[in-house]
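So this block is run-v1.txt, compact mmCIF, C-alpha atoms:
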# COMPACT_ATOMS: atom_id res chain seq x y z
CA MET A 1 109.32 129.41 99.23
CA GLU A 2 107.78 128.38 102.58
CA LYS A 3 104.35 129.70 101.51
CA LEU A 4 104.51 127.84 98.19
CA ILE A 5 105.38 124.57 99.90
CA GLN A 6 102.66 125.08 102.50
CA SER A 7 100.10 125.55 99.72
CA PHE A 8 101.32 122.30 98.14
CA LEU A 9 101.09 120.52 101.50
CA ASN A 10 97.53 121.75 101.93
CA GLU A 11 96.70 120.03 98.63
CA CYS A 12 98.27 116.83 99.98
CA SER A 13 96.35 116.87 103.25
CA GLU A 14 93.94 114.14 102.11
CA LEU A 15 96.73 111.61 101.63
CA PRO A 16 96.97 108.75 104.16
CA TYR A 17 98.71 109.89 107.33
CA ASN A 18 102.01 108.10 106.69
CA SER A 19 102.16 109.35 103.09
CA TYR A 20 101.50 112.93 104.19
CA LYS A 21 104.13 112.63 106.92
CA SER A 22 106.70 111.52 104.30
CA VAL A 23 105.77 114.34 101.90
CA LEU A 24 106.05 116.83 104.77
CA ALA A 25 109.57 115.60 105.61
CA ASP A 26 110.56 115.67 101.94
CA CYS A 27 109.35 119.25 101.47
CA LYS A 28 111.24 120.34 104.56
CA ASN A 29 114.41 118.79 103.13
CA ILE A 30 113.90 120.48 99.74
CA ASN A 31 113.46 123.85 101.44
CA GLU A 32 116.56 123.33 103.62
CA TYR A 33 118.59 122.40 100.54
CA LEU A 34 117.52 125.55 98.67
CA ASN A 35 118.31 127.69 101.71
CA MET A 36 121.73 126.06 101.97
CA LYS A 37 122.35 126.81 98.28
CA GLN A 38 120.90 130.32 98.76
CA THR A 39 118.79 129.91 95.65
CA SER A 40 115.13 129.78 94.64
CA PHE A 41 112.88 126.98 93.46
CA THR A 42 113.74 127.76 89.82
CA PHE A 43 117.09 126.10 90.60
CA PHE A 44 115.38 122.84 89.65
CA SER A 45 114.74 123.96 86.08
CA ASP A 46 117.00 121.33 84.50
CA ASN A 47 118.09 117.78 85.15
CA THR A 48 121.66 118.77 86.03
CA ALA A 49 120.44 120.68 89.07
CA VAL A 50 118.12 117.85 90.07
CA GLN A 51 120.97 115.33 89.80
CA LYS A 52 123.04 117.53 92.11
CA TYR A 53 120.19 117.39 94.63
CA ALA A 54 120.00 113.60 94.20
CA ASP A 55 123.76 113.33 94.83
CA TYR A 56 123.34 115.46 97.96
CA LEU A 57 120.55 113.16 99.15
CA LEU A 58 122.66 110.05 98.63
CA GLU A 59 125.41 111.55 100.80
CA ASN A 60 122.99 112.12 103.67
CA SER A 61 120.29 109.44 103.41
CA SER A 62 119.50 105.99 102.04
CA PRO A 63 118.77 105.36 98.32
CA ASN A 64 115.12 104.63 99.19
CA THR A 65 114.77 107.99 100.93
CA ALA A 66 116.54 109.73 98.03
CA ARG A 67 114.16 108.17 95.50
CA ARG A 68 111.15 109.17 97.57
CA ARG A 69 112.35 112.76 97.88
CA ILE A 70 112.96 113.00 94.15
CA CYS A 71 109.43 111.68 93.68
CA THR A 72 108.08 114.41 95.96
CA LEU A 73 110.15 117.03 94.13
CA ARG A 74 108.68 115.83 90.83
CA LYS A 75 105.13 116.18 92.19
CA LEU A 76 105.93 119.62 93.61
CA ILE A 77 107.33 120.89 90.30
CA HIS A 78 104.33 119.57 88.34
CA TRP A 79 101.97 121.15 90.88
CA CYS A 80 103.78 124.50 90.55
CA GLU A 81 103.52 124.30 86.75
CA ASP A 82 99.82 123.41 86.86
CA ASN A 83 99.10 126.35 89.16
CA GLY A 84 101.18 128.85 87.19
CA PHE A 85 103.80 129.44 89.87
CA ILE A 86 106.60 128.48 87.46
CA ASN A 87 106.81 128.09 83.70
CA GLY A 88 106.52 124.57 82.33
CA GLY A 89 109.86 123.27 81.12
CA ASP A 90 111.37 120.10 79.79
CA THR A 91 112.63 118.85 83.14
CA ASN A 92 111.68 115.18 83.45
CA LEU A 93 113.63 114.58 86.69
CA SER A 94 115.22 111.47 85.28
CA VAL A 95 118.08 111.15 87.73
CA SER A 96 120.41 108.28 88.53
CA ILE A 97 120.07 106.67 91.94
CA GLU A 98 121.80 103.32 92.08
CA GLU A 99 120.22 100.37 93.82
CA THR A 100 122.10 99.16 96.88
CA GLU A 101 122.20 95.59 98.08
CA PRO A 102 121.14 95.02 101.69
CA LYS A 103 123.97 94.15 104.06
CA TYR A 104 124.01 91.01 106.16
CA ALA A 105 125.83 89.91 109.29
CA SER A 106 127.58 86.54 109.61
CA GLU A 107 126.09 83.67 111.59
CA SER A 108 129.13 83.66 113.90
CA ASP A 109 128.71 87.34 114.78
CA ILE A 110 125.00 86.89 115.49
CA LYS A 111 125.66 83.84 117.67
CA LYS A 112 128.28 85.84 119.60
CA LEU A 113 125.91 88.78 120.07
CA TYR A 114 122.99 86.59 121.08
CA SER A 115 125.04 84.63 123.62
CA PHE A 116 126.22 87.90 125.20
CA CYS A 117 122.89 89.75 125.15
CA LYS A 118 120.44 87.04 126.27
CA ASP A 119 121.70 87.16 129.88
CA ILE A 120 121.30 90.47 131.73
CA PHE A 121 122.89 90.72 135.18
CA GLU A 122 122.40 93.28 137.94
CA ALA A 123 126.12 94.07 137.78
CA ASP A 124 125.69 95.22 134.17
CA GLY A 125 124.12 98.48 135.28
CA TYR A 126 121.36 100.24 133.39
CA VAL A 127 123.23 101.33 130.24
CA LEU A 128 124.73 97.94 129.40
CA ALA A 129 121.49 96.19 130.31
CA ARG A 130 119.60 98.52 128.00
CA ALA A 131 122.11 97.90 125.20
CA LYS A 132 121.78 94.15 125.64
CA LEU A 133 117.99 94.19 125.46
CA GLU A 134 117.98 96.45 122.40
CA CYS A 135 120.27 94.08 120.51
CA TYR A 136 118.37 91.05 121.81
CA LEU A 137 115.04 92.40 120.51
CA ILE A 138 116.54 93.08 117.09
CA ILE A 139 117.94 89.54 116.88
CA THR A 140 114.95 87.64 118.24
CA MET A 141 112.02 89.79 117.13
CA GLY A 142 113.24 91.66 114.08
CA PHE A 143 112.66 95.18 115.42
CA LYS A 144 114.03 98.15 113.51
CA VAL A 145 115.91 100.82 115.47
CA SER A 146 113.12 103.29 114.64
CA GLU A 147 110.61 100.86 116.20
CA LEU A 148 112.70 100.34 119.33
CA LYS A 149 112.65 104.09 119.91
CA LYS A 150 108.86 103.92 120.23
CA LEU A 151 108.58 100.89 122.50
CA ARG A 152 106.89 101.41 125.83
CA VAL A 153 107.37 99.41 128.99
CA ASP A 154 103.96 97.77 128.61
CA ASP A 155 104.99 96.49 125.18
CA ILE A 156 107.50 94.02 126.62
CA TYR A 157 105.78 92.98 129.84
CA SER A 158 103.91 90.38 127.80
CA LEU A 159 107.11 88.85 126.39
CA ASN A 160 107.46 86.74 129.55
CA ASN A 161 111.12 85.85 128.99
CA LYS A 162 114.12 86.04 131.28
CA THR A 163 116.00 88.71 129.31
CA ALA A 164 113.12 91.20 129.36
CA LYS A 165 112.33 90.52 133.03
CA SER A 166 115.97 91.04 134.05
CA PHE A 167 116.08 94.38 132.27
CA LEU A 168 112.82 95.56 133.83
CA MET A 169 114.16 94.78 137.31
CA ILE A 170 117.24 96.94 136.69
CA ARG A 171 115.06 99.63 135.15
CA GLU A 172 112.91 99.71 138.31
CA GLN A 173 116.00 100.53 140.36
CA PHE A 174 117.01 103.22 137.89
CA MET A 175 113.50 104.66 137.99
CA SER A 176 113.55 104.85 141.77
CA GLU A 177 116.51 107.20 141.42
CA ARG A 178 114.28 109.49 139.30
CA LEU A 179 116.42 109.06 136.19
CA ILE A 180 113.68 107.77 133.91
CA LYS A 181 112.12 110.40 131.68
CA SER A 182 108.96 108.59 130.53
CA ASP A 183 107.35 105.19 130.06
CA ILE A 184 109.05 104.90 126.67
CA LEU A 185 111.28 101.90 127.24
CA PHE A 186 114.75 103.13 126.30
CA VAL A 187 114.57 106.85 127.16
CA THR A 188 116.36 108.56 130.06
CA LYS A 189 116.89 112.19 130.98
CA TYR A 190 120.54 112.01 129.99
CA CYS A 191 120.31 110.14 126.69
CA GLY A 192 118.89 112.60 124.17
CA GLU A 193 120.97 111.67 121.13
CA ASN A 194 118.88 110.59 118.14
CA ASN A 195 121.21 107.66 117.53
CA ARG A 196 121.30 106.52 121.17
CA ILE A 197 120.49 102.89 120.32
CA ASN A 198 123.36 102.76 117.84
CA ILE A 199 125.65 104.23 120.51
CA ASP A 200 124.48 101.53 122.91
CA TYR A 201 125.24 98.89 120.30
CA ASP A 202 128.78 100.27 119.85
CA LEU A 203 129.36 99.51 123.53
CA ILE A 204 128.56 95.84 122.94
CA ARG A 205 130.32 95.67 119.58
CA GLU A 206 133.58 96.92 121.10
CA LYS A 207 133.31 94.52 124.04
CA LEU A 208 132.95 91.57 121.67
CA ASP A 209 135.46 92.86 119.10
CA ILE A 210 132.89 92.84 116.28
CA ASP A 211 133.74 94.80 113.13
CA ARG A 212 132.08 98.19 112.59
CA SER A 213 130.62 96.92 109.31
CA VAL A 214 128.30 94.68 111.34
CA THR A 215 125.46 97.15 111.94
CA LEU A 216 122.14 96.64 113.69
CA SER A 217 120.50 96.83 110.28
CA SER A 218 122.69 94.05 108.86
CA ILE A 219 121.93 91.90 111.92
CA ARG A 220 118.21 92.39 111.45
CA ASN A 221 118.40 91.62 107.71
CA THR A 222 120.05 88.26 108.40
CA CYS A 223 117.67 87.31 111.19
CA ILE A 224 114.57 88.23 109.20
CA ILE A 225 115.72 85.94 106.38
CA ASN A 226 116.29 83.19 108.93
CA PHE A 227 112.78 83.63 110.30
CA GLU A 228 111.31 83.36 106.79
CA ASN A 229 113.23 80.19 106.05
CA VAL A 230 112.04 78.37 109.15
CA GLY A 231 108.56 79.90 109.14
CA LYS A 232 107.38 77.34 106.60
CA ASN A 233 107.66 74.57 109.21
CA GLU A 234 106.00 75.26 112.56
CA ASN A 235 108.10 72.60 114.33
CA LEU A 236 111.49 74.07 113.47
CA THR A 237 113.51 76.46 115.57
CA THR A 238 115.99 78.96 114.26
CA SER A 239 119.57 77.81 113.81
CA PHE A 240 121.00 80.92 115.51
CA PHE A 241 119.12 80.80 118.81
CA GLY A 242 116.33 79.09 120.71
CA VAL A 243 113.41 81.21 119.55
CA THR A 244 110.65 79.08 118.05
CA VAL A 245 108.73 80.15 115.00
CA GLU A 246 105.55 80.05 117.05
CA ARG A 247 106.08 83.78 117.44
CA ILE A 248 105.68 84.19 113.69
CA SER A 249 102.44 82.20 113.85
CA ARG A 250 101.13 84.38 116.68
CA MET A 251 102.02 87.54 114.76
CA ARG A 252 100.18 86.25 111.69
CA GLU A 253 97.21 85.27 113.83
CA HIS A 254 96.93 88.78 115.27
CA ASN A 255 97.50 90.51 111.91
CA LEU A 256 100.90 91.85 112.97
CA ILE A 257 102.53 90.59 109.78
CA VAL A 258 101.49 92.27 106.54
CA GLN A 259 101.76 90.15 103.40
CA LEU A 260 102.95 92.29 100.49
CA PRO A 261 101.61 91.35 97.04
CA CYS A 262 105.10 91.75 95.53
CA GLN A 263 108.53 93.22 96.27
CA VAL A 264 109.58 96.86 96.05
CA GLY A 265 110.97 97.35 92.54
CA SER A 266 108.59 94.83 90.95
CA THR A 267 106.91 95.70 87.66
CA VAL A 268 103.13 95.98 87.99
CA TYR A 269 100.32 97.06 85.69
CA LEU A 270 97.64 99.74 85.99
CA ILE A 271 94.70 100.93 83.93
CA GLY A 272 95.44 104.51 82.94
CA SER A 273 94.36 107.07 80.41
CA VAL A 274 96.26 108.17 77.31
CA GLN A 275 95.34 110.92 74.88
CA SER A 276 94.49 109.93 71.31
CA GLY A 277 93.79 113.09 69.33
CA ARG A 278 91.12 114.90 71.30
CA GLN A 279 89.96 111.74 73.02
CA TRP A 280 91.24 109.94 76.10
CA GLU A 281 91.37 106.17 76.02
CA LYS A 282 91.82 103.64 78.79
CA THR A 283 94.86 101.41 78.39
CA VAL A 284 97.16 99.10 80.33
CA ILE A 285 100.33 100.84 81.51
CA SER A 286 103.28 99.41 83.40
CA GLY A 287 105.25 100.83 86.30
CA LYS A 288 107.46 99.85 89.22
CA ILE A 289 106.68 99.72 92.93
CA ASP A 290 108.69 102.54 94.55
CA ARG A 291 107.65 101.79 98.14
CA PHE A 292 104.89 100.40 100.35
CA ILE A 293 103.17 102.11 103.25
CA ILE A 294 100.66 100.52 105.62
CA GLY A 295 97.22 102.11 105.50
CA GLY A 296 94.98 102.67 108.50
CA LEU A 297 93.29 99.26 108.12
CA GLY A 298 96.59 97.42 107.81
CA VAL A 299 96.43 97.34 104.01
CA PRO A 300 99.75 97.70 102.13
CA LEU A 301 99.52 100.70 99.80
CA ALA A 302 102.00 101.12 96.96
CA ASP A 303 103.50 104.23 95.37
CA ILE A 304 104.06 103.35 91.70
CA CYS A 305 106.18 105.16 89.09
CA THR A 306 105.20 104.40 85.49
CA ASP A 307 107.58 104.10 82.55
CA ASN A 308 106.63 107.70 81.63
CA ASN A 309 107.58 109.00 85.10
CA ASP A 310 103.94 109.46 86.14
CA TRP A 311 103.15 108.61 89.74
CA TYR A 312 100.24 106.74 91.27
CA ILE A 313 100.16 107.17 95.03
CA ALA A 314 98.75 104.87 97.76
CA CYS A 315 97.46 102.17 95.39
CA SER A 316 95.93 99.00 96.82
CA TYR A 317 96.06 95.54 95.30
CA PRO A 318 94.04 94.29 93.45
CA ASN A 319 91.78 97.34 93.22
CA ASP A 320 94.27 99.80 91.69
CA TYR A 321 97.03 97.68 90.11
CA PHE A 322 97.74 94.15 88.90
CA LEU A 323 100.69 91.77 89.02
CA THR A 324 100.41 90.66 85.38
CA ARG A 325 99.53 92.42 82.15
CA GLU A 326 96.96 89.70 81.40
CA GLU A 327 95.13 90.37 84.66
CA ALA A 328 95.03 94.10 83.95
CA GLN A 329 93.91 93.55 80.35
CA GLU A 330 91.13 91.23 81.47
CA THR A 331 89.82 93.86 83.90
CA LEU A 332 90.09 96.54 81.21
CA ASN A 333 88.08 94.41 78.75
CA LYS A 334 85.39 93.74 81.34
CA ASN A 335 84.96 97.48 81.74
CA GLY A 336 84.54 97.93 78.00
CA GLY A 337 87.96 99.42 77.30
CA ALA A 338 90.61 98.44 74.80
CA GLU A 339 94.35 98.47 75.11
CA LYS A 340 95.94 100.91 72.75
Mind turning the file's structure into structure tokens?
Amino acid sequence: MEKLIQSFLNECSELPYNSYKSVLADCKNINEYLNMKQTSFTFFSDNTAVQKYADYLLENSSPNTARRRICTLRKLIHWCEDNGFINGGDTNLSVSIEETEPKYASESDIKKLYSFCKDIFEADGYVLARAKLECYLIITMGFKVSELKKLRVDDIYSLNNKTAKSFLMIREQFMSERLIKSDILFVTKYCGENNRINIDYDLIREKLDIDRSVTLSSIRNTCIINFENVGKNENLTTSFFGVTVERISRMREHNLIVQLPCQVGSTVYLIGSVQSGRQWEKTVISGKIDRFIIGGLGVPLADICTDNNDWYIACSYPNDYFLTREEAQETLNKNGGAEK
């Protein structure tokens, strides 16, 4: 199985880096699942088996990750069929993965967290100071936990605010005791857990008696919405805390905010080919945005699943897809095609 997957990955090597990285992780998960089941790739020969895999994914990952991994499984099966590794069957991988609504934190909880985290004192010690800054950056700057894990010290020197400066002073003391592992901001020799930032947050949550349902993700979701609401007026400040929306303007100015053409899940239109007898004709087809990735030049690239469960990977707007059928039809007509 490992050799088959490696051959498939070799075929995918020309994908954009982030897309290839996702496919690599998906294939690893598929292989681990088959090893756990002690079965071969032919296990996925019918939709019942694929739905079992989808259910397993939903128990261990988010719906978005589950959908992406089913997408990769679909591509892997089709590749195996095209190359004669398995017999073509009637598996269409039409599985049920329910949409989940994003969770949000209350304004009162965010105010409580912000008031506690904005002031870092020497008496806090390194661990509490680190936890405060992590939560503070999520509230005021909209970082994801995965992004915080990659922050380096140099990344926050330019923030020039009291909270960051206070943390760096405590960190300097900690570093002098040779307890800092690297220049990655929140890493120490003794904190190797993958969910370290969530563990740090639990320390604050328990101190403030905030319910476990209030996660870092729900806090970020609420604050991002708040930023969007006030971002339309450069003179406003957020209602939760004293962070001006000038930061949003600076991020836009330096191309740190990517404007998506539409939302994930939106219906879009492509120009594809359909077979008519022995001929292939160009036509307008519809599909839904499964996810966006950011290309090397900062361009949002979409993975699109059509109504027939065909996939178009790393599509850019407006070169590869359109937001309205009329726009797609107009482009098709200009190129001399006709919608079927």
A straight line from atom CA of A:Asp119 to atom CA of A:Leu151 spans 20.4 Å
Every residue with an atom at most 12 Å from (120.2, 122.0, 90.4) (file coordinates; all atoms listed in the file) is what I'm after, so could you write them as a count of residues only?
27
Could you check how far atom CA of A:Val23 sits from atom CA of A:Cys71, in Å to one decimal?
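About the pair atom CA of A:Val23 and atom CA of A:Cys71: they are 9.4 Å apart.
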Name the closest residue to A:Pro102 among the candidates A:Ser218, A:Ser213, A:Gln279, A:Ser62; distances are taken between atoms, counting all atoms listed in the file.
A:Ser218
If you measure from atom CA of A:Ile120 to atom CA of A:Thr163, what distance in Å do you get, rounded to one decimal?
6.1 Å
Spatial sel., origin (102.9, 114.2, 100.9), limit 10 Å, only C-alpha atoms, listed as a VMD selection string:
chain A and resid 8 to 27 72 75 to 76 313
Would you compute, for all listed atoms of stretch 23-38 of chain A, the axis-aligned bounding box grown by 5 Å on each side, and then report its centre and edge lengths in Å rounded to one decimal, as lines of an AutoDock Vina configuration file?
center_x = 114.1
center_y = 122.3
center_z = 101.9
size_x = 26.6
size_y = 26.0
size_z = 17.3
Contacts of A:Thr215 at 9 Å or less, counting all atoms listed in the file, minus same-chain residues fewer than 6 places along, as a list in words?
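Near neighbours after the sequence-gap exclusion: Lys103, Tyr104, Ala105, Asn198 and Tyr201 of chain A.
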Could you write those residues out with C-alpha atoms, as an mmCIF file, keeping the file's coordinate frame?
data_model
loop_
_atom_site.group_PDB
_atom_site.id
_atom_site.type_symbol
_atom_site.label_atom_id
_atom_site.label_comp_id
_atom_site.auth_asym_id
_atom_site.auth_seq_id
_atom_site.Cartn_x
_atom_site.Cartn_y
_atom_site.Cartn_z
ATOM 1 C CA LYS A 103 123.970 94.150 104.060
ATOM 2 C CA TYR A 104 124.010 91.010 106.160
ATOM 3 C CA ALA A 105 125.830 89.910 109.290
ATOM 4 C CA ASN A 198 123.360 102.760 117.840
ATOM 5 C CA TYR A 201 125.240 98.890 120.300
#
Rank nothing, just name the residue among A:Glu281, A:Asp154, A:Glu122, A:Glu107 nearest to A:Val214, using all atoms listed in the file.
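Looking only at the distances to A:Val214, the closest residue turns out to be A:Glu107.
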Among listed residues A:Thr324, A:Asn221, A:Asn308, A:Asn335, nearest A:Tyr269 (using only C-alpha atoms):
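Checking each of A:Thr324, A:Asn221, A:Asn308, A:Asn335 against A:Tyr269, counting only C-alpha atoms, the winner is A:Thr324.
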So which residues touch A:Ile293 within 9 Å, counting all atoms listed in the file, skipping near sequence neighbours fewer than 4 positions away, as a count of residues only?
8
